[in-house]
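**Q** This is the structure, below, for whatever I ask next.
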Amino acid sequence: MSDNDGKKTLGLRGAAPRPGNVKQSFSHGRTKNVVVETKRKRVVVPKPGAAKPAGGGAVAGGNPAKRPAGITDAEMDRRLKAVQAAKAREVEDAARREAEEKARAEDRERRRAEIEAKEAEELERAERAKAKVEAEEAAKKAAEEAARLAAAEPAAEKPSAAPRAAPNKPAPAAAPRKSDRERDQRTPRGKAGDNDGRRSGKLTLNQALTGGDGRHKSMAAMKRKQERARQKAMGGTVEREKIIRDVQLPPAIVVSELAARMAEKTGAVVKALMNNGMMVTQNETIDADTAELIIEEFGHKVVRVSDADVEDVIAEVVDDEKDLVGRPPIITIMGHVDHGKTSLLDAIRNAKVVAGEAGGITQHIGAYQVTTDTGAVLSFLDTPGHAAFTSMRSRGAQVTDIVVLVVAADDAVMPQTVEAINHAKAAGVPMIVAINKIDKPGANPDKVRTDLLQHEVIVEKMSGEVQDVEVSAITGQGLDQLLEAIALQSEILELKANPNRSAVGAVIEAQLDVGRGPVATVLVQNGTLRVGDIFVVGEQYGKVRALINDHGERVKEAGPSVPVEVLGLNGTPEAGDVLNVVETDAQAREIAEYREKAAKDKRAAAGAATTLEQLMANAKADESVSEMPILVKADVQGSAEAIVQAMAKIGNDEVRVRVLHSGVGAITESDIGLAEASGAPIMGFNVRANASARNTANQKGVEIRYYSIIYDLVDDVKAAASGLLSAEIRENFIGYANIKEVFKVTGIGKVAGCLVTEGVARRSAGVRLLRDNVVIHEGTLKTLKRFKDEVAEVQSGQECGMAFENYDDVRAGDVIEIFEREEVERNLD
């Protein structure tokens with residue numbers, strides 16, 4: 001090897017010697033300026049007459065004839081030796097280069113091994129530091145505990161406690177050797193291009209004191225770093241294996257969403273679309289066929305799905321027979337209004353629910369649990385009996401196991417009793433007849449049993465299969481027999497459910513509470529509903545924030561057949577919706593959004609299905625129909641639904657009631673604005689307007705009427721709608737007169753001389769002219785005279801003169817019919 005060990009001398013290219021500055025760069029940003037000077041190498045040029053040296057020494061030296069002119073033997077020998085020395089140097093240079101290449105390869109291997117060892121050492125040092133910190137913390141805690149115990153002991157024992165606590169102190173850590181400290185503090189220079197260890201950015205005080213940012217790399221990160229360093233040292237790169245994904249593709253998808261599902265860059269997807277001739281952005285929607293081409297272009301697999309597939313997460317779970325356990329029966333109390341349904345349930349519950357109902361009638365569907373003296377648990381649903389609450393009774397029959405039909409012994413079978421029987425038959429549930437008010441003097445239970453025969457309900461006393469019990473909610477007579485009948489019927493049904501699964505329930509009632517937000521009364525039918533469960537119910541979703549039982553107490557969970565109030569919905573659901581528990585919030589949101597979109601599309605399709613001819617026909621028919629617009633706000637969803645259904649039944653061919661908007665909750669300013677724009681009154685059922693809404697209503701003249709009994713609301717709306725009816729005109733015949741003679745009077749025209757044959761003739765009355773019992777004219781009188789005087793009326797048997805207004809064709813023998821018109825107000829039945 002040469003003296004300079006392969007290092008090149010500093011120099012500048014140039015024709016003549018000239019000084020200059022050269023900037024040298026070193027690691028860690030250090031630089032140095034040096035002054036250099038270059039000199040041309042002296043080149044020896046042979047004289048023009050000199051001959052070129054021979055190619056071989058032996059030939060030139062041995063044959064003087066071929067020797068160049070003027071070259072002596074000694075000169076020739078020197079040239080030959082120079083040629084041989086040059087060849088020897090070439091051989092040495094080749095060997096040296098080979099040795100240098102081998103040394104460099106060994107140096108690379110050595111540096112790679114050093115890097116790997118250093119990384120392993122750093123990892124081990126980090127683990128040691130972590131273990132040291134944990135040990136120090138543990139020792140510190142032990143010392144604190146020992147100090148606390150020592151402080152708690154009496155003062156006399158303190159001197160002896162100190163020596164005992166001394167062994168618990170951690171042993172001082174061995175000081176690292178100087179060579180180790182220097183090695184740890186030295187920053188390795190990246191000779192092989194490894195810049196991962198270099199510090200970038202500003203040096204903070206924390207980093208200077210702690211020697212880093214305080215974070216340790218994970219094992220996976222260290223392995224990835226070692227792999228990258230190994231590949232870099234070997235001079236190659238590793239291509240990651242492409243992951244082929246199953247991409248779910250709906251009928252339409254946003255470009256950014258498509259990129260996310262493929263785990264590809266959005267820009268790459270947009271570029272692929274542009275290459276296919278579609279100039280789109282990441283926020284635009286593309287169809288499924290185009291998206292399928294892009295997915296295949298990126299090498300993924302397409303899985304076609306529809307929007308309705310989001311509901312597939314709500315799977316029908318078939319419970320194993322061994323997982324089923326007994327559950328309480330669900331009993332629905334049904335019957336006609338004021339037949340004592342709620343009073344009977346009060347007697348069973350020993351409560352006073354009926355006292356809290358307006359007017360003594362149930363206007364909401366209530367859910368309660370009762371524990372009998374024998375320990376049996378029963379779930380009761382109390383439904384309203386008013387005709388407007390048909391849908392409530394229908395829902396009660398659909399979710400129930402047993403129907404208790406309450407019939408008053410002094411009133412027998414009534415319309416809502418028949419309706420309840422039909423609901424129970426449609427739902428296919430067994431029925432128990434409770435003949436109530438048996439303590440009243442006019443009670444006739446046999447008449448009730450006979451009337452039930454007309455509706456195919458045959459009780460046991462009439463040789464049938466339906467159980468019947470005579471009860472009294474006032475005296476408590478027959479309540480034990482009723483509970484025994486319910487228990488017997490539930491044993492026959494063998495009711496079972498699986499409590500260890502996702503909950504499924506039915507919404508009995510829903511309302512918007514000012515303090516708690518949307519609240520739904522849910523009857524759990526299967527599974528167990530717990531606080532924290534994510535659920536979807538109809539077009540709404542949410543997370544169970546709290547569960548409240550029928551006693552107003554908060555509970556952690558609700559099993560099968562347990563009614564609870566659920567808090568945590570994002571909106572008020574419809575009564576009758578099904579509650580399903582799902583796994584994630586995203587699933588619940590997707591299902592609720594899909595159902596809401598489907599409902600909107602259904603309503604839009606129903607409106608779009610009307611043809612232009614139908615619209616014209618409806619508009620022409622509506623010209624003769626007067627509408628009374630109203631707004632309805634109620635406390636619960638079921639009451640609002642019942643009021644809307646009752647309003648739809650009010651009206652006839654001339655007038656009808658139109659509910660512009662119905663909702664749940666207090667009356668707000670937006671309701672006032674809608675009422676003002678449409679000129680409609682607001683009907684509040686068990687709700688009130690807030691202060692700002694009341695002020696706005698007073699300023700804009702909007703009428704707000706409050707009700708707590710549905711009878712009063714329906715009657716008032718019916719009376720108001722009746723005012724839109726045109727008054728009925730009735731004719732009262734008050735007299736007849738025969739024309740005896742016709743006179744022509746100057747200035748008046750023809751005057752008929754008449755004899756009043758029946759009743760009385762009045763000047764203000766209407767008249768008809770009859771000729772051969774055919775009406776030829778109808779009008780009013782221009783004059784009515786008795787002799788020469790104008791009179792107001794002429795009695796029967798007297799003669800008078802009559803002249804018609806704008807009519808002169810009167811003849812002797814004609815009959816004049818005299819009548820009066822009166823307007824009679826009409827009412828809606």
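Simple scheme: letters A, B, ... for chains in structure tokens order, numbers from 1 for residues in each chain, numbers from 1 for ligands in the order shown.
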Can you tell me which residues surround Ala434 in chain A at a distance of at most 8 Å, considering only C-alpha atoms, apart from same-chain residues fewer than 6 positions away, and format the answer as a list in words?
**A**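 Contacts, with the query itself left out: Val404, Leu405, Val406, Val407, Asp468, Val469, Glu470, Val471 and Leu482 of chain A.
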**Q** Assign secondary structure with DSSP using the backbone only, and return the residues of range 455-517 of chain A in strand (DSSP E or B) as a list in words.
**A** Val459, Val466, Gln467, Asp468, Val469, Glu470, Lys496, Ala497, Val504, Gly505, Ala506, Val507, Ile508, Glu509, Ala510, Gln511, Leu512, Asp513 and Gly517 of chain A
**Q** Show me, as a CSV table (one decimal) with N, CA, C and O atoms, in the first residue's frame, the residues that have an atom within 12 Å of Val247 in chain A when counting only C-alpha atoms, minus same-chain residues fewer than 6 positions from it.
**A**
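The result, stored in result23.csv:
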chain,number,residue,atom,x,y,z
A,253,ILE,N,-71.3,5.1,-3.8
A,253,ILE,CA,-70.3,5.3,-2.7
A,253,ILE,C,-69.5,6.5,-3.0
A,253,ILE,O,-69.2,6.9,-4.2
A,257,GLU,N,-64.7,7.4,0.7
A,257,GLU,CA,-65.1,6.2,1.4
A,257,GLU,C,-64.6,5.0,0.7
A,257,GLU,O,-64.1,4.0,1.4
A,258,LEU,N,-64.6,5.0,-0.6
A,258,LEU,CA,-64.0,3.9,-1.4
A,258,LEU,C,-62.5,3.7,-1.1
A,258,LEU,O,-62.0,2.6,-0.9
A,259,ALA,N,-61.8,4.8,-1.0
A,259,ALA,CA,-60.4,4.7,-0.7
A,259,ALA,C,-60.1,4.2,0.7
A,259,ALA,O,-59.2,3.4,0.9
A,260,ALA,N,-60.9,4.6,1.6
A,260,ALA,CA,-60.8,4.1,3.0
A,260,ALA,C,-61.1,2.6,3.1
A,260,ALA,O,-60.4,1.9,3.8
A,261,ARG,N,-62.1,2.1,2.4
A,261,ARG,CA,-62.4,0.7,2.4
A,261,ARG,C,-61.3,-0.1,1.8
A,261,ARG,O,-61.1,-1.3,2.1
A,262,MET,N,-60.6,0.4,0.8
A,262,MET,CA,-59.5,-0.3,0.1
A,262,MET,C,-58.2,-0.1,0.9
A,262,MET,O,-57.2,-0.7,0.5
A,263,ALA,N,-58.1,0.8,1.8
A,263,ALA,CA,-56.9,1.2,2.5
A,263,ALA,C,-55.9,1.7,1.5
A,263,ALA,O,-54.7,1.4,1.6
A,264,GLU,N,-56.3,2.5,0.6
A,264,GLU,CA,-55.5,3.1,-0.4
A,264,GLU,C,-55.5,4.6,-0.2
A,264,GLU,O,-56.4,5.2,0.4
A,288,ALA,N,-71.8,1.9,-8.5
A,288,ALA,CA,-71.1,0.6,-8.1
A,288,ALA,C,-70.3,0.0,-9.2
A,288,ALA,O,-69.2,-0.5,-9.0
A,291,ALA,N,-67.0,1.9,-9.4
A,291,ALA,CA,-66.2,1.6,-8.2
A,291,ALA,C,-65.7,0.2,-8.3
A,291,ALA,O,-64.5,-0.1,-7.9
A,292,GLU,N,-66.4,-0.8,-8.9
A,292,GLU,CA,-65.9,-2.1,-9.1
A,292,GLU,C,-64.7,-2.2,-10.0
A,292,GLU,O,-63.7,-2.9,-9.7
A,294,ILE,N,-62.5,0.2,-10.4
A,294,ILE,CA,-61.3,0.8,-9.6
A,294,ILE,C,-60.8,-0.2,-8.6
A,294,ILE,O,-59.6,-0.4,-8.4
A,295,ILE,N,-61.7,-0.9,-7.9
A,295,ILE,CA,-61.3,-1.9,-6.9
A,295,ILE,C,-60.5,-3.1,-7.6
A,295,ILE,O,-59.5,-3.5,-7.0
A,296,GLU,N,-61.0,-3.5,-8.7
A,296,GLU,CA,-60.2,-4.6,-9.4
A,296,GLU,C,-58.9,-4.1,-9.9
A,296,GLU,O,-57.9,-4.8,-10.0
A,298,PHE,N,-57.0,-2.0,-8.4
A,298,PHE,CA,-56.1,-1.9,-7.3
A,298,PHE,C,-55.8,-3.3,-6.7
A,298,PHE,O,-55.1,-3.5,-5.8
A,299,GLY,N,-56.4,-4.4,-7.3
A,299,GLY,CA,-56.1,-5.7,-6.9
A,299,GLY,C,-56.9,-6.3,-5.8
A,299,GLY,O,-56.6,-7.3,-5.2
A,300,HIS,N,-58.0,-5.6,-5.4
A,300,HIS,CA,-58.9,-6.1,-4.3
A,300,HIS,C,-60.1,-6.9,-4.9
A,300,HIS,O,-60.4,-6.9,-6.1
A,301,LYS,N,-60.8,-7.5,-3.9
A,301,LYS,CA,-62.0,-8.2,-4.3
A,301,LYS,C,-63.3,-7.4,-4.0
A,301,LYS,O,-63.3,-6.7,-3.0
A,302,VAL,N,-64.3,-7.6,-4.8
A,302,VAL,CA,-65.5,-6.8,-4.7
A,302,VAL,C,-66.6,-7.7,-4.0
A,302,VAL,O,-66.8,-8.8,-4.4
A,303,VAL,N,-67.2,-7.1,-3.0
A,303,VAL,CA,-68.3,-7.8,-2.3
A,303,VAL,C,-69.5,-6.8,-2.4
A,303,VAL,O,-69.6,-5.8,-1.8
A,304,ARG,N,-70.5,-7.1,-3.3
A,304,ARG,CA,-71.6,-6.3,-3.5
A,304,ARG,C,-72.6,-6.4,-2.3
A,304,ARG,O,-72.9,-7.5,-1.9
A,305,VAL,N,-73.0,-5.3,-1.8
A,305,VAL,CA,-74.0,-5.2,-0.7
A,305,VAL,C,-75.0,-4.2,-1.1
A,305,VAL,O,-74.8,-3.3,-1.9
**Q** In terms of the shortest atom-to-atom distance over only C-alpha atoms, which of A:Lys425, A:Glu119, A:Val22, A:Gly701 is closest to Gly679 in chain A?
**A** A:Gly701
**Q** So which residues touch Tyr706 in chain A within 7 Å, counting only C-alpha atoms, skipping near sequence neighbours fewer than 2 positions away, as a PDB file with N, CA and C atoms, in the first residue's frame?
**A**
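Result file follows (around25.pdb):
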ATOM      1  N   MET A 683    -103.494  22.966  20.019  1.00  0.00           N
ATOM      2  CA  MET A 683    -104.136  22.157  21.047  1.00  0.00           C
ATOM      3  C   MET A 683    -103.055  21.464  21.862  1.00  0.00           C
ATOM      4  N   GLY A 684    -102.923  21.854  23.135  1.00  0.00           N
ATOM      5  CA  GLY A 684    -101.931  21.243  24.007  1.00  0.00           C
ATOM      6  C   GLY A 684    -102.587  20.233  24.929  1.00  0.00           C
ATOM      7  N   PHE A 685    -102.138  18.987  24.857  1.00  0.00           N
ATOM      8  CA  PHE A 685    -102.710  17.914  25.682  1.00  0.00           C
ATOM      9  C   PHE A 685    -101.693  17.536  26.752  1.00  0.00           C
ATOM     10  N   ILE A 704    -103.901  29.382  21.922  1.00  0.00           N
ATOM     11  CA  ILE A 704    -103.408  28.137  22.522  1.00  0.00           C
ATOM     12  C   ILE A 704    -104.454  27.647  23.504  1.00  0.00           C
TER      13      ILE A 704
END
**Q** Please provide the set of residues having any atom within 12 Å of Val280 in chain A, restricted to only C-alpha atoms, with same-chain residues fewer than 6 positions apart removed, written as a VMD selection string.
**A** chain A and resid 254 to 256 266 to 267 269 to 274 286 290
**Q** With N, CA and C atoms retained, write the just-selected residues as a tab-separated table (two decimals), in the first residue's frame.
**A**
chain	number	residue	atom	x	y	z
A	254	VAL	N	-69.07	7.22	-1.96
A	254	VAL	CA	-68.23	8.41	-2.10
A	254	VAL	C	-66.78	7.96	-2.35
A	255	VAL	N	-66.05	8.73	-3.16
A	255	VAL	CA	-64.69	8.36	-3.55
A	255	VAL	C	-63.80	8.20	-2.32
A	256	SER	N	-63.87	9.13	-1.37
A	256	SER	CA	-63.04	9.04	-0.17
A	256	SER	C	-63.39	7.79	0.65
A	266	THR	N	-56.29	8.40	-1.08
A	266	THR	CA	-57.40	9.02	-1.82
A	266	THR	C	-56.91	9.60	-3.14
A	267	GLY	N	-55.72	10.19	-3.12
A	267	GLY	CA	-55.18	10.75	-4.36
A	267	GLY	C	-54.96	9.69	-5.42
A	269	VAL	N	-56.70	6.92	-5.77
A	269	VAL	CA	-58.01	6.53	-6.30
A	269	VAL	C	-58.54	7.59	-7.27
A	270	VAL	N	-58.38	8.88	-6.91
A	270	VAL	CA	-58.82	9.96	-7.80
A	270	VAL	C	-58.03	9.91	-9.11
A	271	LYS	N	-56.73	9.63	-9.03
A	271	LYS	CA	-55.90	9.53	-10.24
A	271	LYS	C	-56.37	8.38	-11.12
A	272	ALA	N	-56.69	7.24	-10.50
A	272	ALA	CA	-57.18	6.10	-11.28
A	272	ALA	C	-58.49	6.42	-11.97
A	273	LEU	N	-59.36	7.14	-11.28
A	273	LEU	CA	-60.63	7.54	-11.90
A	273	LEU	C	-60.39	8.50	-13.06
A	274	MET	N	-59.46	9.43	-12.90
A	274	MET	CA	-59.16	10.36	-13.99
A	274	MET	C	-58.56	9.63	-15.18
A	286	ILE	N	-69.80	7.98	-6.82
A	286	ILE	CA	-69.73	7.21	-8.06
A	286	ILE	C	-70.62	5.98	-7.92
A	290	THR	N	-68.61	1.58	-11.71
A	290	THR	CA	-67.33	2.30	-11.80
A	290	THR	C	-66.43	1.95	-10.62
**Q** If you run DSSP on the backbone, which residues of range 379-505 of chain A are alpha helix (DSSP H), as a short mmCIF file (atom, residue, chain, number, x, y, z; two decimals) with N, CA, C and O atoms, in the first residue's frame?
**A**
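Here's the written file states_20.cif:
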data_model
loop_
_atom_site.label_atom_id
_atom_site.label_comp_id
_atom_site.auth_asym_id
_atom_site.auth_seq_id
_atom_site.Cartn_x
_atom_site.Cartn_y
_atom_site.Cartn_z
N THR A 390 -107.57 3.39 20.27
CA THR A 390 -107.64 2.06 19.65
C THR A 390 -106.25 1.49 19.41
O THR A 390 -105.99 0.32 19.68
N SER A 391 -105.34 2.32 18.88
CA SER A 391 -104.00 1.83 18.56
C SER A 391 -103.25 1.41 19.82
O SER A 391 -102.46 0.47 19.80
N MET A 392 -103.51 2.10 20.94
CA MET A 392 -102.86 1.72 22.20
C MET A 392 -103.31 0.32 22.63
O MET A 392 -102.49 -0.50 23.03
N ARG A 393 -104.60 0.08 22.54
CA ARG A 393 -105.10 -1.24 22.92
C ARG A 393 -104.54 -2.31 21.99
O ARG A 393 -104.24 -3.42 22.41
N SER A 394 -104.42 -1.97 20.70
CA SER A 394 -103.87 -2.94 19.75
C SER A 394 -102.42 -3.29 20.10
O SER A 394 -102.04 -4.45 20.07
N ARG A 395 -101.63 -2.28 20.46
CA ARG A 395 -100.24 -2.55 20.84
C ARG A 395 -100.17 -3.39 22.11
O ARG A 395 -99.34 -4.28 22.25
N GLY A 396 -101.06 -3.09 23.06
CA GLY A 396 -101.07 -3.86 24.30
C GLY A 396 -101.36 -5.32 24.05
O GLY A 396 -100.77 -6.20 24.68
N ALA A 397 -102.27 -5.61 23.12
CA ALA A 397 -102.61 -7.00 22.82
C ALA A 397 -101.48 -7.71 22.09
O ALA A 397 -101.32 -8.93 22.21
N GLN A 398 -100.68 -6.97 21.31
CA GLN A 398 -99.62 -7.60 20.51
C GLN A 398 -98.44 -8.05 21.36
O GLN A 398 -97.76 -9.01 21.01
N PRO A 415 -119.11 -0.88 23.30
CA PRO A 415 -118.32 -0.89 22.04
C PRO A 415 -116.84 -1.17 22.23
O PRO A 415 -116.26 -1.97 21.49
N GLN A 416 -116.20 -0.52 23.21
CA GLN A 416 -114.77 -0.77 23.39
C GLN A 416 -114.50 -2.15 23.96
O GLN A 416 -113.41 -2.68 23.79
N THR A 417 -115.48 -2.74 24.64
CA THR A 417 -115.34 -4.13 25.08
C THR A 417 -115.25 -5.05 23.88
O THR A 417 -114.40 -5.95 23.82
N VAL A 418 -116.11 -4.83 22.91
CA VAL A 418 -116.10 -5.64 21.68
C VAL A 418 -114.77 -5.44 20.95
O VAL A 418 -114.17 -6.40 20.42
N GLU A 419 -114.29 -4.20 20.91
CA GLU A 419 -113.02 -3.91 20.23
C GLU A 419 -111.87 -4.63 20.92
O GLU A 419 -110.98 -5.18 20.26
N ALA A 420 -111.87 -4.64 22.25
CA ALA A 420 -110.82 -5.35 22.99
C ALA A 420 -110.87 -6.84 22.72
O ALA A 420 -109.82 -7.50 22.60
N ILE A 421 -112.07 -7.41 22.62
CA ILE A 421 -112.21 -8.84 22.29
C ILE A 421 -111.59 -9.12 20.92
O ILE A 421 -110.86 -10.10 20.73
N ASN A 422 -111.85 -8.24 19.95
CA ASN A 422 -111.30 -8.43 18.60
C ASN A 422 -109.77 -8.33 18.60
O ASN A 422 -109.10 -9.09 17.91
N HIS A 423 -109.23 -7.40 19.39
CA HIS A 423 -107.77 -7.27 19.47
C HIS A 423 -107.15 -8.53 20.06
O HIS A 423 -106.11 -9.02 19.58
N ALA A 424 -107.77 -9.07 21.10
CA ALA A 424 -107.24 -10.27 21.74
C ALA A 424 -107.30 -11.46 20.79
O ALA A 424 -106.35 -12.26 20.71
N LYS A 425 -108.38 -11.58 20.04
CA LYS A 425 -108.49 -12.68 19.08
C LYS A 425 -107.47 -12.53 17.96
O LYS A 425 -106.87 -13.52 17.51
N ALA A 426 -107.27 -11.29 17.49
CA ALA A 426 -106.30 -11.07 16.41
C ALA A 426 -104.88 -11.39 16.87
O ALA A 426 -104.07 -11.89 16.08
N ALA A 427 -104.57 -11.09 18.13
CA ALA A 427 -103.23 -11.39 18.64
C ALA A 427 -103.07 -12.85 19.02
O ALA A 427 -101.95 -13.32 19.21
N PRO A 445 -124.16 -10.09 36.76
CA PRO A 445 -123.07 -10.78 36.05
C PRO A 445 -123.55 -11.76 34.99
O PRO A 445 -122.87 -11.99 33.99
N ASP A 446 -124.73 -12.36 35.21
CA ASP A 446 -125.24 -13.32 34.21
C ASP A 446 -125.55 -12.62 32.89
O ASP A 446 -125.38 -13.21 31.81
N LYS A 447 -126.00 -11.36 32.93
CA LYS A 447 -126.24 -10.61 31.69
C LYS A 447 -124.92 -10.39 30.93
O LYS A 447 -124.89 -10.46 29.70
N VAL A 448 -123.83 -10.16 31.69
CA VAL A 448 -122.53 -9.99 31.04
C VAL A 448 -122.13 -11.28 30.33
O VAL A 448 -121.69 -11.26 29.17
N ARG A 449 -122.31 -12.41 31.02
CA ARG A 449 -121.94 -13.69 30.41
C ARG A 449 -122.79 -13.96 29.17
O ARG A 449 -122.29 -14.47 28.15
N THR A 450 -124.07 -13.59 29.23
CA THR A 450 -124.96 -13.82 28.08
C THR A 450 -124.58 -12.92 26.91
O THR A 450 -124.55 -13.36 25.74
N ASP A 451 -124.26 -11.66 27.21
CA ASP A 451 -123.88 -10.75 26.13
C ASP A 451 -122.57 -11.18 25.47
O ASP A 451 -122.38 -10.97 24.26
N LEU A 452 -121.67 -11.77 26.25
CA LEU A 452 -120.40 -12.21 25.67
C LEU A 452 -120.60 -13.35 24.68
O LEU A 452 -119.76 -13.56 23.78
N LEU A 453 -121.67 -14.09 24.83
CA LEU A 453 -121.95 -15.18 23.88
C LEU A 453 -122.13 -14.65 22.46
O LEU A 453 -121.79 -15.34 21.49
N LEU A 479 -110.28 -10.79 44.15
CA LEU A 479 -108.94 -10.50 43.63
C LEU A 479 -108.02 -11.73 43.72
O LEU A 479 -107.23 -11.98 42.80
N ASP A 480 -108.13 -12.48 44.81
CA ASP A 480 -107.30 -13.68 44.94
C ASP A 480 -107.65 -14.70 43.86
O ASP A 480 -106.75 -15.34 43.28
N GLN A 481 -108.96 -14.87 43.60
CA GLN A 481 -109.36 -15.81 42.54
C GLN A 481 -108.85 -15.35 41.16
O GLN A 481 -108.46 -16.18 40.32
N LEU A 482 -108.82 -14.00 40.93
CA LEU A 482 -108.31 -13.49 39.65
C LEU A 482 -106.81 -13.79 39.50
O LEU A 482 -106.36 -14.22 38.43
N LEU A 483 -106.04 -13.57 40.58
CA LEU A 483 -104.61 -13.86 40.50
C LEU A 483 -104.36 -15.36 40.33
O LEU A 483 -103.42 -15.76 39.62
N GLU A 484 -105.19 -16.20 40.97
CA GLU A 484 -105.05 -17.66 40.78
C GLU A 484 -105.34 -18.04 39.34
O GLU A 484 -104.64 -18.89 38.76
N ALA A 485 -106.35 -17.41 38.74
CA ALA A 485 -106.67 -17.70 37.34
C ALA A 485 -105.52 -17.29 36.43
O ALA A 485 -105.18 -18.00 35.47
N ILE A 486 -104.89 -16.13 36.72
CA ILE A 486 -103.76 -15.68 35.91
C ILE A 486 -102.58 -16.63 36.06
O ILE A 486 -101.91 -17.00 35.08
N ALA A 487 -102.30 -17.07 37.30
CA ALA A 487 -101.19 -17.99 37.54
C ALA A 487 -101.43 -19.32 36.84
O ALA A 487 -100.51 -19.91 36.26
N LEU A 488 -102.67 -19.81 36.87
CA LEU A 488 -103.00 -21.07 36.20
C LEU A 488 -102.79 -20.94 34.69
O LEU A 488 -102.22 -21.84 34.06
N GLN A 489 -103.24 -19.84 34.14
CA GLN A 489 -103.10 -19.64 32.69
C GLN A 489 -101.63 -19.53 32.29
O GLN A 489 -101.21 -20.07 31.26
N SER A 490 -100.81 -18.86 33.12
CA SER A 490 -99.39 -18.74 32.79
C SER A 490 -98.67 -20.08 32.89
O SER A 490 -97.74 -20.34 32.12
N GLU A 491 -99.09 -20.93 33.83
CA GLU A 491 -98.50 -22.27 33.92
C GLU A 491 -98.81 -23.08 32.67
O GLU A 491 -97.97 -23.84 32.18
N ILE A 492 -100.01 -22.92 32.16
CA ILE A 492 -100.39 -23.65 30.94
C ILE A 492 -99.53 -23.18 29.76
O ILE A 492 -99.12 -23.98 28.91
N LEU A 493 -99.25 -21.89 29.70
CA LEU A 493 -98.49 -21.35 28.57
C LEU A 493 -97.02 -21.73 28.62
O LEU A 493 -96.35 -21.75 27.58
#
**Q** Each residue of range 616-662 of chain A lying at most 12 Å from range 813-827 of chain A should get a row with its shortest atom-to-atom pair and the distance in Å to one decimal, counting only C-alpha atoms; could you produce that, ordered by chain and increasing number, as a Markdown table?
**A**
| residue | atom | partner | partner_atom | distance |
| --- | --- | --- | --- | --- |
| A:Ile650 | CA | A:Asn827 | CA | 11.1 |
| A:Gly651 | CA | A:Asn827 | CA | 9.9 |
| A:Asn652 | CA | A:Asn827 | CA | 10.6 |
| A:Glu654 | CA | A:Arg826 | CA | 11.5 |
| A:Val655 | CA | A:Asn827 | CA | 10.9 |
**Q** Would you save the residues of that selection, restricted to all heavy atoms, as an mmCIF file, in the first residue's frame?
**A**
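In the end it all went to part_16.cif:
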data_model
loop_
_atom_site.group_PDB
_atom_site.id
_atom_site.type_symbol
_atom_site.label_atom_id
_atom_site.label_comp_id
_atom_site.auth_asym_id
_atom_site.auth_seq_id
_atom_site.Cartn_x
_atom_site.Cartn_y
_atom_site.Cartn_z
ATOM 1 N N ILE A 650 -113.345 13.347 12.459
ATOM 2 C CA ILE A 650 -114.264 14.475 12.571
ATOM 3 C C ILE A 650 -114.448 15.094 11.189
ATOM 4 O O ILE A 650 -113.479 15.414 10.512
ATOM 5 C CB ILE A 650 -113.728 15.535 13.559
ATOM 6 C CG1 ILE A 650 -113.613 14.935 14.958
ATOM 7 C CG2 ILE A 650 -114.616 16.761 13.575
ATOM 8 C CD1 ILE A 650 -112.978 15.867 15.956
ATOM 9 N N GLY A 651 -115.690 15.301 10.779
ATOM 10 C CA GLY A 651 -115.946 15.973 9.504
ATOM 11 C C GLY A 651 -116.907 15.192 8.632
ATOM 12 O O GLY A 651 -117.327 14.070 8.950
ATOM 13 N N ASN A 652 -117.246 15.826 7.529
ATOM 14 C CA ASN A 652 -118.126 15.203 6.539
ATOM 15 C C ASN A 652 -117.698 15.691 5.159
ATOM 16 O O ASN A 652 -116.562 16.097 4.958
ATOM 17 C CB ASN A 652 -119.600 15.512 6.839
ATOM 18 C CG ASN A 652 -119.848 17.008 6.981
ATOM 19 O OD1 ASN A 652 -119.061 17.821 6.500
ATOM 20 N ND2 ASN A 652 -120.929 17.366 7.657
ATOM 21 N N GLU A 654 -118.490 18.345 3.689
ATOM 22 C CA GLU A 654 -118.383 19.798 3.577
ATOM 23 C C GLU A 654 -117.232 20.378 4.401
ATOM 24 O O GLU A 654 -116.671 21.414 4.047
ATOM 25 C CB GLU A 654 -119.694 20.452 4.043
ATOM 26 C CG GLU A 654 -120.891 20.085 3.198
ATOM 27 C CD GLU A 654 -122.158 20.751 3.705
ATOM 28 O OE1 GLU A 654 -122.063 21.905 4.147
ATOM 29 O OE2 GLU A 654 -123.218 20.116 3.685
ATOM 30 N N VAL A 655 -116.886 19.731 5.492
ATOM 31 C CA VAL A 655 -115.869 20.277 6.381
ATOM 32 C C VAL A 655 -115.043 19.125 6.952
ATOM 33 O O VAL A 655 -115.549 18.007 7.117
ATOM 34 C CB VAL A 655 -116.502 21.108 7.517
ATOM 35 C CG1 VAL A 655 -117.327 20.214 8.434
ATOM 36 C CG2 VAL A 655 -115.440 21.839 8.318
#
**Q** Determine, counting only C-alpha atoms, which protein, DNA and RNA residues have an atom within 7 Å of an atom of Arg688 in chain A; residues of the same chain fewer than 2 positions away are not included. Present the result as an MDAnalysis selection string.
**A** chainID A and resid 666:667 684 690
**Q** Rank nothing, just name the residue among A:Leu495, A:Ile348, A:Ala151, A:Leu713 nearest to Gly326 in chain A, using only C-alpha atoms.
**A**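 Distance minimum relative to Gly326 in chain A lands on A:Leu495.
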